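What follows is one structure encoded as structure tokens, with my remarks underneath.
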Amino acid sequence: MSQTVHIRPLAAADFAAWLPLWQGYLDFYHSSQNEADTAITWQRFLDPAEPMQAWLAWQGEQAVGLVHTVLHRSSWTPGNYCYLQDLYVQPELRGTGAGRALIEQVYAYAADAGCSRVYWLTHESNATARQLYDRLADNLGFIQYRKQLV
């Protein structure tokens, strides 16, 4: 698939597109979530009072990736940090720019929200994703990736 990737915020009508991606992410990390917890997670993304945000990457009419964030306070700075909690792109579309576009969307969102940094974690064995992460952020040796925004 060589179509351009478009990123847009999650909308209430996107549940059927989001759910298989979310399940793919959970499967990748050998995890699961029951239906009740999935419903709570979904509602948090749609609630403007929650510090959570989500976006989907689209190629044409197909959702091909997701990213979830959480804004939170820090004892190290007066502004918030942005934790990039979940990032997933369909395996057959990795390397097409979807992951980069999702991360760059988070950078823009966090900067607009006044955050001083974006950071995330991954497992040391996630070599494919780490190739991208090493180009977009700094590896601090804790397998924590950070993009300083200010």
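Identifiers in this document derive from the order of the structure tokens: chains are assigned A, B, ..., residues are numbered from 1 separately in each chain, and ligands are numbered from 1 in order of occurrence.
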
Using DSSP secondary structure from the backbone, list all strand (DSSP E) positions within chain A, as a VMD selection string. chain A and resid 5 to 9 52 to 59 62 to 72 81 to 89 117 to 121 138 to 139 144 to 148

Can you check which residues of range 20-54 of chain A DSSP gives as alpha helix (DSSP H) on the backbone and send them as a PyMOL selection string? chain A and resi 20-28+35-46

Could you turn the residues from that selection into a file that holds C-alpha atoms, as a PDB file, in the first residue's frame?
```pdb
ATOM      1  CA  PRO A  20      -8.429  -4.593  15.817  1.00  0.00           C
ATOM      2  CA  LEU A  21      -5.391  -2.316  16.078  1.00  0.00           C
ATOM      3  CA  TRP A  22      -5.691  -2.222  19.866  1.00  0.00           C
ATOM      4  CA  GLN A  23      -5.983  -6.014  19.914  1.00  0.00           C
ATOM      5  CA  GLY A  24      -2.924  -6.282  17.659  1.00  0.00           C
ATOM      6  CA  TYR A  25      -0.978  -4.077  20.067  1.00  0.00           C
ATOM      7  CA  LEU A  26      -2.025  -6.170  23.058  1.00  0.00           C
ATOM      8  CA  ASP A  27      -1.159  -9.379  21.190  1.00  0.00           C
ATOM      9  CA  PHE A  28       2.276  -7.986  20.292  1.00  0.00           C
ATOM     10  CA  GLU A  35     -14.252  -6.099  27.359  1.00  0.00           C
ATOM     11  CA  ALA A  36     -15.176  -3.950  30.363  1.00  0.00           C
ATOM     12  CA  ASP A  37     -11.672  -2.472  30.616  1.00  0.00           C
ATOM     13  CA  THR A  38     -11.554  -1.933  26.855  1.00  0.00           C
ATOM     14  CA  ALA A  39     -14.837  -0.020  27.104  1.00  0.00           C
ATOM     15  CA  ILE A  40     -13.395   2.182  29.880  1.00  0.00           C
ATOM     16  CA  THR A  41     -10.241   2.835  27.854  1.00  0.00           C
ATOM     17  CA  TRP A  42     -12.337   3.758  24.813  1.00  0.00           C
ATOM     18  CA  GLN A  43     -14.512   6.155  26.819  1.00  0.00           C
ATOM     19  CA  ARG A  44     -11.455   7.856  28.292  1.00  0.00           C
ATOM     20  CA  PHE A  45     -10.215   8.694  24.801  1.00  0.00           C
ATOM     21  CA  LEU A  46     -13.536  10.318  23.981  1.00  0.00           C
TER      22      LEU A  46
END
```

Would you kindly return, as a PyMOL selection string, each protein, DNA or RNA residue with an atom no farther than 7 Å from any atom of Leu56 in chain A, considering only C-alpha atoms and excluding same-chain residues fewer than 3 positions away? chain A and resi 7-10+63+65-67

Write to file, as a PDB file, in the first residue's frame, the residues of the selection just made, with N, CA and C atoms.
```
ATOM      1  N   ILE A   7      -3.202  11.308   9.627  1.00  0.00           N
ATOM      2  CA  ILE A   7      -3.414  11.118  11.058  1.00  0.00           C
ATOM      3  C   ILE A   7      -4.581  11.991  11.469  1.00  0.00           C
ATOM      4  N   ARG A   8      -5.493  11.412  12.244  1.00  0.00           N
ATOM      5  CA  ARG A   8      -6.580  12.228  12.783  1.00  0.00           C
ATOM      6  C   ARG A   8      -6.954  11.715  14.169  1.00  0.00           C
ATOM      7  N   PRO A   9      -7.493  12.614  14.999  1.00  0.00           N
ATOM      8  CA  PRO A   9      -7.908  12.197  16.334  1.00  0.00           C
ATOM      9  C   PRO A   9      -8.987  11.118  16.266  1.00  0.00           C
ATOM     10  N   LEU A  10      -8.979  10.282  17.255  1.00  0.00           N
ATOM     11  CA  LEU A  10      -9.999   9.249  17.385  1.00  0.00           C
ATOM     12  C   LEU A  10     -11.368   9.901  17.521  1.00  0.00           C
ATOM     13  N   ALA A  63      -7.755   2.101   8.643  1.00  0.00           N
ATOM     14  CA  ALA A  63      -6.936   2.484   9.786  1.00  0.00           C
ATOM     15  C   ALA A  63      -5.778   1.491   9.870  1.00  0.00           C
ATOM     16  N   GLY A  65      -2.807   2.228  11.985  1.00  0.00           N
ATOM     17  CA  GLY A  65      -1.999   2.399  13.181  1.00  0.00           C
ATOM     18  C   GLY A  65      -2.702   3.257  14.201  1.00  0.00           C
ATOM     19  N   LEU A  66      -2.212   3.179  15.429  1.00  0.00           N
ATOM     20  CA  LEU A  66      -2.776   3.969  16.520  1.00  0.00           C
ATOM     21  C   LEU A  66      -1.672   4.490  17.411  1.00  0.00           C
ATOM     22  N   VAL A  67      -1.991   5.553  18.115  1.00  0.00           N
ATOM     23  CA  VAL A  67      -1.124   6.062  19.165  1.00  0.00           C
ATOM     24  C   VAL A  67      -2.017   6.625  20.265  1.00  0.00           C
TER      25      VAL A  67
END
```

Provide the CA of Tyr81 in chain A to CA of Trp55 in chain A distance in Å, to one decimal place.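 Interatomic distance, CA of Tyr81 in chain A to CA of Trp55 in chain A: 17.9 Å.
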
Find, counting only C-alpha atoms, the residue in A:Ala11, A:Ala108, A:Gln148, A:Tyr119 that gets nearest to Pro48 in chain A.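 Smallest separation from Pro48 in chain A among the options: A:Ala11.
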
Point-to-point distance from CA of Arg100 in chain A to CA of Arg135 in chain A, Å rounded to tenths: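 Rounded to one decimal, the two atoms are 9.6 Å apart.
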
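Taking CA of Ala13 in chain A and CA of Ala111 in chain A as endpoints, the distance between them is 27.1 Å.
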